[in-house]
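S.K.: Sharing start_29.txt, compact mmCIF, C-alpha atoms:
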```txt
# COMPACT_ATOMS: atom_id res chain seq x y z
CA MET A 19 17.83 40.76 -13.66
CA GLU A 20 20.66 40.64 -11.19
CA THR A 21 19.83 42.37 -7.96
CA ALA A 22 22.42 43.83 -5.69
CA ILE A 23 22.40 42.09 -2.37
CA THR A 24 23.70 43.94 0.61
CA SER A 25 22.07 42.47 3.64
CA VAL A 26 22.61 38.81 3.03
CA VAL A 27 25.59 37.14 4.54
CA PRO A 28 26.16 33.95 2.57
CA GLY A 29 26.72 30.94 4.70
CA VAL A 30 25.23 32.41 7.86
CA PHE A 31 22.05 30.54 8.32
CA LEU A 32 19.95 29.12 11.03
CA PRO A 33 20.30 25.43 11.74
CA ALA A 34 17.76 23.05 10.30
CA PRO A 35 14.64 22.89 12.40
CA THR A 36 14.11 19.85 14.51
CA GLN A 37 11.49 17.73 12.90
CA ALA A 38 9.20 15.25 14.45
CA GLY A 39 9.46 11.60 13.63
CA SER A 40 7.08 9.72 11.45
CA GLY A 41 4.55 9.09 14.15
CA SER A 42 5.93 5.98 15.71
CA THR A 43 4.96 6.12 19.33
CA GLY A 44 5.30 3.75 22.16
CA ALA A 45 2.71 1.04 22.33
CA LYS A 46 0.02 1.29 24.93
CA ALA A 47 -2.14 -1.67 25.57
CA LEU A 48 -5.84 -1.19 25.35
CA SER A 49 -8.34 -3.88 25.99
CA TRP A 50 -12.00 -4.58 26.13
CA ALA A 51 -11.92 -3.72 29.80
CA HIS A 52 -11.69 -0.06 28.89
CA PHE A 53 -15.04 -0.21 27.20
CA GLU A 54 -18.15 -0.42 29.17
CA PRO A 55 -20.18 -3.44 28.06
CA THR A 56 -23.42 -2.39 26.51
CA SER A 57 -26.30 -4.07 24.88
CA PRO A 58 -26.15 -4.66 21.16
CA PRO A 59 -27.46 -1.92 18.94
CA GLN A 60 -31.05 -1.97 18.01
CA ALA A 61 -32.02 -3.79 14.91
CA GLY A 62 -31.94 -1.85 11.73
CA GLY A 63 -30.74 -1.90 8.18
CA GLY A 64 -27.12 -1.48 7.22
CA SER A 65 -27.64 2.03 6.03
CA SER A 66 -29.14 3.18 9.29
CA GLY A 67 -26.20 1.67 11.11
CA THR A 68 -23.86 3.64 8.96
CA LYS A 69 -25.75 6.82 9.48
CA ALA A 70 -25.93 6.26 13.19
CA LEU A 71 -22.22 5.73 13.36
CA ALA A 72 -21.49 8.81 11.33
CA LEU A 73 -23.75 10.91 13.48
CA HIS A 74 -22.13 9.57 16.63
CA LEU A 75 -18.75 10.53 15.27
CA LEU A 76 -20.01 13.94 14.33
CA GLU A 77 -22.06 14.56 17.42
CA PRO A 78 -20.42 13.06 20.46
CA SER A 79 -22.61 14.20 23.29
CA SER A 80 -21.44 14.37 26.89
CA PRO A 81 -19.00 11.50 26.76
CA PRO A 82 -18.54 9.64 30.02
CA ARG A 83 -15.12 9.49 31.61
CA LEU A 84 -13.49 6.12 32.02
CA SER A 85 -11.39 5.04 34.92
CA ALA A 86 -8.28 4.82 32.77
CA GLY A 87 -8.47 8.51 32.07
CA PHE A 88 -9.83 8.13 28.59
CA THR A 89 -13.04 9.51 27.23
CA LEU A 90 -15.25 7.58 24.91
CA SER A 91 -18.80 8.07 23.87
CA LYS A 92 -21.04 5.20 24.75
CA PRO A 93 -22.79 5.02 21.41
CA LEU A 94 -19.46 4.64 19.67
CA SER A 95 -18.31 1.84 21.92
CA ARG A 96 -21.60 0.11 21.42
CA LEU A 97 -21.33 0.32 17.71
CA VAL A 98 -17.82 -1.04 17.50
CA GLN A 99 -18.98 -4.17 19.27
CA GLU A 100 -21.51 -4.83 16.60
CA PRO A 101 -20.76 -8.18 14.95
CA LYS A 102 -20.99 -6.66 11.48
CA ALA A 103 -18.54 -3.86 12.20
CA HIS A 104 -16.46 -4.67 9.16
CA ASP A 105 -19.47 -4.30 6.89
CA VAL A 106 -20.33 -1.05 8.53
CA VAL A 107 -16.90 0.43 8.06
CA CYS A 108 -16.87 -0.49 4.39
CA ARG A 109 -20.16 1.25 3.83
CA PHE A 110 -19.15 4.14 6.02
CA LEU A 111 -15.92 4.69 4.14
CA SER A 112 -17.61 4.55 0.78
CA GLU A 113 -20.12 7.12 1.93
CA LEU A 114 -17.38 9.40 3.14
CA THR A 115 -15.74 9.13 -0.20
CA LEU A 116 -18.84 10.17 -2.01
CA ILE A 117 -19.45 13.01 0.34
CA SER A 118 -15.95 14.34 0.03
CA GLY A 119 -16.37 14.17 -3.69
CA GLY A 120 -19.24 16.56 -3.42
CA VAL A 121 -22.11 14.11 -3.71
CA SER A 122 -24.64 14.60 -0.97
CA LEU A 123 -25.88 11.53 0.78
CA LYS A 124 -28.34 11.42 3.62
CA LYS A 125 -27.89 13.93 6.43
CA LEU A 126 -24.14 13.82 6.63
CA SER A 127 -23.33 16.49 4.11
CA SER A 128 -25.31 19.14 5.92
CA ARG A 129 -23.53 18.72 9.21
CA VAL A 130 -19.81 18.79 9.00
CA LEU A 131 -17.54 19.79 11.83
CA GLU A 132 -15.03 22.49 11.29
CA GLU A 133 -11.48 21.32 10.56
CA TRP A 134 -12.57 17.77 10.00
CA THR A 135 -11.39 15.91 6.99
CA THR A 136 -12.21 12.57 5.55
CA GLN A 137 -8.90 11.31 6.82
CA HIS A 138 -9.79 12.18 10.38
CA PHE A 139 -12.79 9.98 10.10
CA VAL A 140 -10.95 7.19 8.43
CA THR A 141 -8.15 7.21 10.95
CA THR A 142 -10.45 7.52 13.88
CA PHE A 143 -12.88 4.95 12.74
CA LEU A 144 -10.30 2.42 11.70
CA SER A 145 -8.53 2.77 15.00
CA THR A 146 -11.85 2.26 16.70
CA LEU A 147 -12.49 -0.84 14.68
CA THR A 148 -9.06 -2.19 15.49
CA LEU A 149 -9.71 -1.79 19.17
CA THR A 150 -12.39 -4.43 18.91
CA ASN A 151 -9.78 -7.06 18.11
CA SER A 152 -8.68 -8.76 21.26
CA SER A 153 -5.09 -8.95 20.08
CA PHE A 154 -4.80 -5.28 19.39
CA THR A 155 -2.01 -3.25 20.86
CA GLY A 156 -2.86 0.36 20.19
CA THR A 157 -0.55 3.30 19.99
CA ASN A 158 -0.84 6.50 21.91
CA ALA A 159 -1.27 8.39 18.68
CA LEU A 160 -4.24 6.33 17.68
CA SER A 161 -5.88 6.36 21.04
CA MET A 162 -5.48 10.11 21.29
CA LYS A 163 -7.22 10.55 17.98
CA LEU A 164 -9.98 8.27 19.05
CA PHE A 165 -10.67 9.97 22.31
CA GLU A 166 -10.23 13.40 20.88
CA THR A 167 -13.07 12.50 18.59
CA ALA A 168 -15.38 11.72 21.42
CA ALA A 169 -14.44 14.74 23.47
CA ARG A 170 -14.69 17.26 20.68
CA GLU A 171 -17.27 19.93 21.23
CA VAL A 172 -20.37 19.65 19.13
CA ARG A 173 -20.83 22.50 16.71
CA ASN A 174 -23.38 22.69 13.99
CA MET A 175 -21.48 23.72 10.93
CA TYR A 176 -22.44 23.88 7.31
CA TRP A 177 -20.33 22.99 4.35
CA VAL A 178 -18.92 26.43 3.69
CA SER A 179 -15.36 25.74 2.61
CA PRO A 180 -15.00 22.31 1.06
CA ASN A 181 -11.49 23.13 -0.07
CA ILE A 182 -10.44 19.51 0.18
CA VAL A 183 -12.20 17.64 -2.53
CA ALA A 184 -11.32 14.04 -3.06
CA ASP A 185 -11.50 12.43 -6.43
CA TYR A 186 -13.53 9.28 -5.99
CA SER A 187 -11.35 7.24 -8.31
CA THR A 188 -8.29 8.14 -6.25
CA SER A 189 -9.75 8.06 -2.79
CA GLN A 190 -11.32 4.63 -3.06
CA PRO A 191 -8.04 2.76 -3.66
CA ILE A 192 -6.47 4.77 -0.83
CA PHE A 193 -9.23 3.83 1.55
CA ASP A 194 -9.07 0.23 0.41
CA ALA A 195 -5.31 0.17 1.00
CA ILE A 196 -5.59 1.77 4.44
CA GLN A 197 -8.31 -0.63 5.43
CA ALA A 198 -6.45 -3.68 4.13
CA LEU A 199 -3.28 -2.70 5.95
CA TYR A 200 -5.12 -1.98 9.18
CA LEU A 201 -7.02 -5.20 9.13
CA THR A 202 -4.03 -7.48 8.70
CA HIS A 203 -3.32 -9.54 11.76
CA ASN A 204 -2.09 -6.96 14.20
CA ARG A 205 1.09 -6.29 12.31
CA PRO A 206 2.59 -3.02 13.60
CA ARG A 207 4.42 -2.33 10.36
CA ASN A 208 1.27 -2.45 8.29
CA ARG A 209 -0.55 -0.22 10.73
CA GLN A 210 2.29 2.30 10.55
CA ILE A 211 2.13 2.19 6.77
CA ALA A 212 -1.61 2.80 6.93
CA ILE A 213 -1.06 5.79 9.20
CA ARG A 214 1.57 7.15 6.85
CA LEU A 215 -0.71 6.66 3.83
CA THR A 216 -3.42 8.59 5.61
CA ALA A 217 -1.09 11.52 6.27
CA LEU A 218 0.29 11.38 2.76
CA TYR A 219 -3.18 11.40 1.25
CA ARG A 220 -4.19 14.35 3.37
CA ALA A 221 -1.09 16.30 2.27
CA ALA A 222 -1.72 15.43 -1.35
CA LEU A 223 -5.30 16.66 -1.18
CA GLU A 224 -4.20 19.86 0.47
CA GLU A 225 -1.90 20.68 -2.43
CA ASP A 226 -4.02 19.29 -5.25
CA GLU A 227 -1.52 16.56 -5.99
CA THR A 228 -2.65 13.48 -7.81
CA ILE A 229 -2.14 9.93 -6.63
CA ARG A 230 -2.33 7.22 -9.24
CA PRO A 231 -4.83 4.57 -8.14
CA ALA A 232 -2.86 1.80 -9.85
CA SER A 233 0.21 2.79 -7.87
CA VAL A 234 -1.68 2.65 -4.58
CA THR A 235 -3.10 -0.78 -5.29
CA GLN A 236 0.30 -2.08 -6.34
CA PHE A 237 1.88 -0.59 -3.24
CA LYS A 238 -0.66 -2.23 -0.94
CA ASN A 239 -0.36 -5.63 -2.60
CA PHE A 240 3.41 -5.46 -2.44
CA PHE A 241 3.51 -4.85 1.29
CA LEU A 242 0.85 -7.42 2.08
CA ALA A 243 2.84 -9.95 0.06
CA ASN A 244 6.15 -9.05 1.70
CA PRO A 245 5.54 -8.95 5.44
CA GLU A 246 9.22 -9.51 6.21
CA LEU A 247 10.31 -6.13 4.85
CA GLY A 248 10.90 -3.30 7.28
CA LEU A 249 9.04 -0.02 7.52
CA PRO A 250 10.28 2.31 4.76
CA LYS A 251 9.98 6.03 4.23
CA ILE A 252 6.87 6.47 2.09
CA THR A 253 6.42 9.42 -0.21
CA LEU A 254 4.54 10.61 -3.27
CA THR A 255 6.44 11.55 -6.42
CA PRO A 256 5.50 14.42 -8.75
CA ASP A 257 4.31 11.74 -11.17
CA GLY A 258 1.63 10.66 -8.68
CA THR A 259 3.29 7.37 -7.82
CA LEU A 260 4.07 6.05 -4.36
CA ARG A 261 7.65 5.43 -3.44
CA ALA A 262 9.18 3.45 -0.58
CA ARG A 263 12.76 3.90 0.55
CA TRP A 264 14.66 1.79 3.06
CA ILE A 265 17.54 3.87 4.33
CA GLN A 266 20.43 2.24 6.17
CA GLY A 267 22.65 5.32 6.17
CA ILE A 268 24.40 7.77 3.87
CA GLY A 269 25.04 6.10 0.53
CA ASN A 270 23.18 3.00 1.64
CA PHE A 271 19.54 2.73 0.63
CA VAL A 272 17.14 1.04 -1.71
CA ALA A 273 14.00 2.65 -3.13
CA ILE A 274 11.08 1.19 -5.05
CA GLU A 275 8.71 3.37 -7.00
CA PHE A 276 5.32 1.80 -7.62
CA THR A 277 4.52 2.85 -11.14
CA GLY A 278 1.31 0.86 -11.36
CA LYS A 279 2.82 -1.04 -14.26
CA PRO A 280 4.47 -4.47 -14.16
CA ASN A 281 7.88 -2.87 -13.93
CA ALA A 282 8.71 -0.79 -10.88
CA LYS A 283 11.52 1.72 -10.64
CA LEU A 284 14.45 0.62 -8.54
CA VAL A 285 17.05 3.01 -7.18
CA ALA A 286 19.79 1.90 -4.86
CA GLU A 287 23.08 2.99 -3.41
CA ILE A 288 25.05 0.21 -1.84
CA PRO A 289 28.39 0.53 -0.10
CA ARG A 290 31.27 -1.45 -1.53
CA GLU A 291 34.84 -2.02 -0.46
CA ASN A 292 37.37 0.79 -0.21
CA GLY A 293 34.72 3.42 0.49
CA LEU A 294 33.11 3.08 -2.92
CA THR A 295 29.37 3.13 -3.51
CA ALA A 296 27.51 1.17 -6.15
CA THR A 297 24.67 3.22 -7.67
CA HIS A 298 21.74 1.65 -9.48
CA PHE A 299 18.95 3.34 -11.45
CA GLY A 300 16.68 0.97 -13.31
CA SER A 301 13.39 -0.83 -13.50
CA GLU A 302 12.54 -4.39 -12.61
CA PRO A 303 9.44 -6.54 -12.66
CA LEU A 304 7.87 -5.94 -9.28
CA LYS A 305 7.56 -9.64 -8.52
CA ASN A 306 11.35 -10.01 -8.72
CA ILE A 307 12.41 -6.69 -7.36
CA VAL A 308 13.19 -7.74 -3.80
CA PRO A 309 15.49 -10.65 -4.66
CA VAL A 310 17.13 -8.60 -7.40
CA ALA A 311 17.87 -5.75 -5.00
CA GLN A 312 19.01 -8.12 -2.28
CA GLY A 313 21.28 -9.76 -4.81
CA MET A 314 22.96 -6.40 -5.30
CA GLY A 315 23.45 -6.15 -1.55
CA ALA A 316 20.49 -3.93 -0.71
CA SER A 317 18.79 -4.24 2.67
CA PHE A 318 15.06 -3.82 3.26
CA GLU A 319 15.32 -3.60 7.05
CA MET B 23 18.63 34.47 -17.95
CA SER B 24 21.62 35.07 -15.75
CA GLU B 25 23.37 32.42 -13.73
CA ARG B 26 23.10 32.72 -9.99
CA ASP B 27 26.19 33.38 -7.95
CA PRO B 28 27.63 30.16 -6.50
CA SER B 29 27.54 31.68 -3.03
CA HIS B 30 23.82 32.34 -3.30
CA HIS B 31 20.95 30.03 -2.41
CA VAL B 32 17.70 28.72 -3.78
CA PHE B 33 14.53 27.30 -2.25
CA ARG B 34 12.73 24.31 -3.66
CA HIS B 35 9.18 24.02 -2.41
CA VAL B 36 8.52 20.39 -1.45
CA GLY B 37 4.96 19.18 -0.96
CA GLY B 38 4.05 17.49 2.29
CA ALA B 39 3.36 14.18 0.55
CA SER B 40 7.02 14.07 -0.49
CA ILE B 41 8.20 14.37 3.11
CA ASP B 42 8.19 11.52 5.61
CA GLY B 43 9.45 12.65 9.00
CA ASP B 44 12.83 14.25 8.42
CA PHE B 45 13.23 12.62 5.02
CA ILE B 46 12.64 14.62 1.84
CA ASP B 47 12.18 12.42 -1.20
CA PRO B 48 14.65 13.19 -3.99
CA ALA B 49 11.74 12.80 -6.41
CA ALA B 50 10.66 16.26 -5.24
CA PHE B 51 13.63 17.55 -7.24
CA ARG B 52 12.50 15.95 -10.47
CA ARG B 53 11.31 18.02 -13.37
CA LYS B 54 7.65 17.23 -13.96
CA ILE B 55 6.03 15.91 -17.08
CA LYS B 56 3.61 18.54 -18.35
CA ASP B 57 0.13 17.88 -19.66
CA ASP B 58 1.42 17.93 -23.22
CA GLY B 59 3.72 15.03 -22.40
CA ASN B 60 6.90 17.09 -22.47
CA MET B 61 9.14 17.62 -19.50
CA GLU B 62 9.45 21.01 -17.84
CA PRO B 63 12.35 23.02 -19.26
CA GLY B 64 13.91 23.26 -15.84
CA LEU B 65 13.39 22.56 -12.17
CA SER B 66 11.57 25.48 -10.55
CA VAL B 67 13.32 27.05 -7.60
CA ASN B 68 13.35 30.48 -6.00
CA TRP B 69 16.37 32.70 -5.52
CA VAL B 70 16.65 33.33 -1.79
CA GLU B 71 18.90 36.39 -1.88
CA TYR B 72 16.31 38.27 -3.92
CA PHE B 73 14.34 38.84 -0.75
CA GLN B 74 17.25 40.58 0.96
CA LYS B 75 16.65 39.08 4.37
CA ASP B 76 19.18 38.33 7.06
CA THR B 77 18.36 34.63 7.06
CA PRO B 78 16.74 32.30 4.54
CA GLU B 79 13.98 31.53 7.01
CA GLU B 80 12.86 35.13 6.86
CA ALA B 81 12.48 34.82 3.10
CA VAL B 82 9.85 32.11 3.43
CA PRO B 83 6.84 34.33 4.32
CA PRO B 84 7.27 36.73 1.37
CA LEU B 85 7.82 33.77 -0.92
CA CYS B 86 4.62 32.20 0.37
CA ALA B 87 2.83 35.47 -0.36
CA ILE B 88 4.06 35.27 -3.94
CA PHE B 89 2.87 31.69 -4.19
CA ALA B 90 -0.51 32.75 -2.87
CA GLN B 91 -0.80 35.45 -5.50
CA LYS B 92 -0.04 32.82 -8.13
CA ASN B 93 -2.74 30.59 -6.64
CA ARG B 94 -0.15 27.99 -5.91
CA LYS B 95 -1.04 25.99 -2.86
CA VAL B 96 1.41 25.71 0.00
CA GLY B 97 0.36 22.88 2.28
CA THR B 98 0.82 23.07 6.01
CA THR B 99 3.13 20.06 5.98
CA SER B 100 5.19 21.25 3.02
CA LYS B 101 8.72 22.60 3.39
CA PHE B 102 11.04 24.97 1.62
CA ALA B 103 14.29 23.12 1.04
CA LEU B 104 17.36 25.36 1.01
CA LEU B 105 20.25 24.64 -1.34
CA ASN B 106 23.45 26.52 -2.03
CA VAL B 107 23.83 27.25 -5.74
CA GLY B 108 27.47 26.23 -5.93
CA LYS B 109 26.99 23.03 -3.94
CA ALA B 110 23.94 22.07 -5.98
CA LYS B 111 25.79 22.48 -9.26
CA GLU B 112 28.74 20.58 -7.87
CA ALA B 113 26.52 17.70 -6.75
CA ALA B 114 24.63 17.51 -10.04
CA ALA B 115 27.93 17.56 -11.93
CA LYS B 116 28.24 13.86 -11.14
CA TYR B 117 25.79 13.45 -14.02
CA ALA B 118 25.47 16.79 -15.82
CA ALA B 119 26.78 20.34 -15.85
CA VAL B 120 23.56 22.05 -14.80
CA SER B 121 22.89 25.76 -14.79
CA ILE B 122 20.91 27.63 -12.15
CA VAL B 123 19.52 30.75 -13.74
CA LEU B 124 17.07 33.48 -12.87
CA ASP B 125 13.78 33.10 -14.74
CA ALA B 126 11.92 36.05 -13.28
CA THR B 127 8.30 36.67 -14.14
CA ASP B 128 6.09 39.60 -13.24
CA ASP B 129 4.32 37.64 -10.54
CA ASP B 130 7.37 35.73 -9.34
CA PRO B 131 10.53 37.82 -9.59
CA SER B 132 12.72 35.33 -7.72
CA HIS B 133 11.73 32.39 -9.88
CA SER B 134 14.73 30.47 -11.14
CA LEU B 135 15.44 27.26 -12.97
CA VAL B 136 17.87 24.40 -12.62
CA LYS B 137 18.35 23.42 -16.23
CA ASP B 138 20.59 22.16 -19.00
CA TYR B 139 20.39 18.46 -18.28
CA GLU B 140 18.81 15.74 -20.32
CA GLU B 141 15.48 14.22 -19.46
CA ALA B 142 17.14 10.84 -19.10
CA LEU B 143 19.16 12.22 -16.19
CA ASN B 144 16.17 13.61 -14.35
CA ASP B 145 16.18 10.98 -11.60
CA GLN B 146 19.94 11.02 -11.19
CA VAL B 147 20.22 14.80 -10.86
CA ALA B 148 17.27 14.82 -8.44
CA GLU B 149 19.01 12.28 -6.20
CA GLU B 150 22.14 14.41 -6.06
CA LEU B 151 20.31 17.67 -5.38
CA GLN B 152 18.50 16.10 -2.44
CA LYS B 153 21.84 15.22 -0.88
CA VAL B 154 22.89 18.86 -0.57
CA ILE B 155 19.82 20.24 1.18
CA ILE B 156 21.08 22.58 3.86
CA ALA B 157 17.83 23.04 5.77
CA ALA B 158 14.08 22.80 5.31
CA TYR B 159 11.67 25.43 6.59
CA PRO B 160 7.92 25.10 7.05
CA PRO B 161 5.58 27.77 5.72
CA PRO B 162 4.36 30.33 8.23
CA PRO B 163 1.15 29.40 10.02
CA LYS B 164 -1.95 30.54 8.21
CA SER B 165 -3.63 33.40 9.99
```
Transcribe the structure of this file into structure tokens.
M.R.:
Amino acid sequence: METAITSVVPGVFLPAPTQAGSGSTGAKALSWAHFEPTSPPQAGGGSSGTKALALHLLEPSSPPRLSAGFTLSKPLSRLVQEPKAHDVVCRFLSELTLISGGVSLKKLSSRVLEEWTTQHFVTTFLSTLTLTNSSFTGTNALSMKLFETAAREVRNMYWVSPNIVADYSTSQPIFDAIQALYLTHNRPRNRQIAIRLTALYRAALEEDETIRPASVTQFKNFFLANPELGLPKITLTPDGTLRARWIQGIGNFVAIEFTGKPNAKLVAEIPRENGLTATHFGSEPLKNIVPVAQGMGASFE
Amino acid sequence: MSERDPSHHVFRHVGGASIDGDFIDPAAFRRKIKDDGNMEPGLSVNWVEYFQKDTPEEAVPPLCAIFAQKNRKVGTTSKFALLNVGKAKEAAAKYAAVSIVLDATDDDPSHSLVKDYEEALNDQVAEELQKVIIAAYPPPPKS
């Protein structure tokens, strides 16, 4: 079915569009001083705390303005100072997972803001939680999300187009990985990986792509066990596995694909003398993969 | 199935999860394993010149309309990677002499395939195809 083409001029094309970076923004220090001290939350069971938090996130009412130019709802700041914040976030995340999977719990499912996704909540809440650590250095991106949450207009919406449906078995390992990476000791790389995972998960849900839970868990464990490695490009393969690629330049990279099995895929191109490039396609036991790749001359910076 | 002219171009739709900043993962150019365990017969692409537009970018909206009719989701962060047919074949030739042929269907008349390479070379060919991406265009905003 060859079609005659008359209007196309081969080779005359627009330049590639400028694309934004991967979300790495300049650091902006935030401290406790930005949060107005408040009394501890009233006593109550864990579940009520979770519900209260969720409702505060969903219904920020008339947030006060802070001297630093930020906006934060008082109830939210009060909740993040709660000593058991970690417990609350765990429960909160698990509830979100169930809700996004279509299982109604408590009042949350009947009141969902337009354009909100599970990932919004995860990102926002985790960034909120991180702010409670005295050593935290937040990013502009995170703080913007946080304060956008508080300032967002309250609208009573019903669940009319749940076109993003998370599979519980997939979402739980993702949330676990994001949480684990966020909660490591103020390591910027891990936080950036968590942000990237959040975006990746959102994109995967949008296009009905599957993420293998075993791959996610393996990915998380690998990065927690190898804090010295640099921040890679992180992507999802058509097979549902996560892949990390450290790119030094053209013909100079190393990539690990987390298969969820003991052996991971290793791809590398490493420059050699006289302009030659060594190419490697193979699989290696994950526990040995870094030294093996480094032995070939690969860099994980 | 007729081979595409080497001067022509194809789009490969790349999901947002396969894109990190300005990096498009070569894995997006892999043939997928189907539910029956077999690999796709070829890598699905779309023949750009079919749309008879002045620029490839202008071919993206009608292609998205076709995808919508096929109930294929096009995420807001996805991109349409543009490759020249001749350059793609030349790049893949490092591992295999691939063909890029029209595989038109009633609901997708520009559908084409990159084929004629062994399953074992799937990763290798994908790596080479990624290297010759000319540009990547986002889908039009949803109205």
S.K.: Within 10 Å of Gln146 in chain B, counting only C-alpha atoms, which residues show up once you throw out same-chain ones fewer than 2 positions away? Write them as a ChimeraX atom specification, please.
M.R.: /A:285,297-299 /B:48-49,51-52,114,116-118,141-144,148-151
S.K.: Quote the spacing between CA of Phe318 in chain A and CA of Glu227 in chain A in Å to one decimal place.
M.R.: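 About the pair CA of Phe318 in chain A and CA of Glu227 in chain A: they are 27.9 Å apart.
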S.K.: Pick from A:Ala262, A:Ala217, A:Leu247, A:Ala296: nearest to Ser233 in chain A, with all atoms listed in the file counted?
M.R.: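 Checking each of A:Ala262, A:Ala217, A:Leu247, A:Ala296 against Ser233 in chain A, counting all atoms listed in the file, the winner is A:Ala262.
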S.K.: Separation of CA of Thr235 in chain A and CA of Ile192 in chain A, in Å?
M.R.: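 Between CA of Thr235 in chain A and CA of Ile192 in chain A the gap is 7.9 Å.
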S.K.: How many Å lie between CA of Leu124 in chain B and CA of Asn68 in chain B, rounded to one decimal?
M.R.: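 Between CA of Leu124 in chain B and CA of Asn68 in chain B the gap is 8.4 Å.
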S.K.: Could you list, as a ChimeraX atom specification, every residue of chain B that has an atom within 8 Å of an atom of chain A, counting only C-alpha atoms?
M.R.: /B:23-24,29-30,37-45,47,49-50,52,54-55,71-72,74-79,95-99,124,126,146,156-159
S.K.: Counting only C-alpha atoms, which residues have an atom no more than 7 Å from (13.5, 22.6, -2.6) in the file's coordinates? Please list them as number ranges by chain.
M.R.: B: 33-36, 51, 67, 102-104
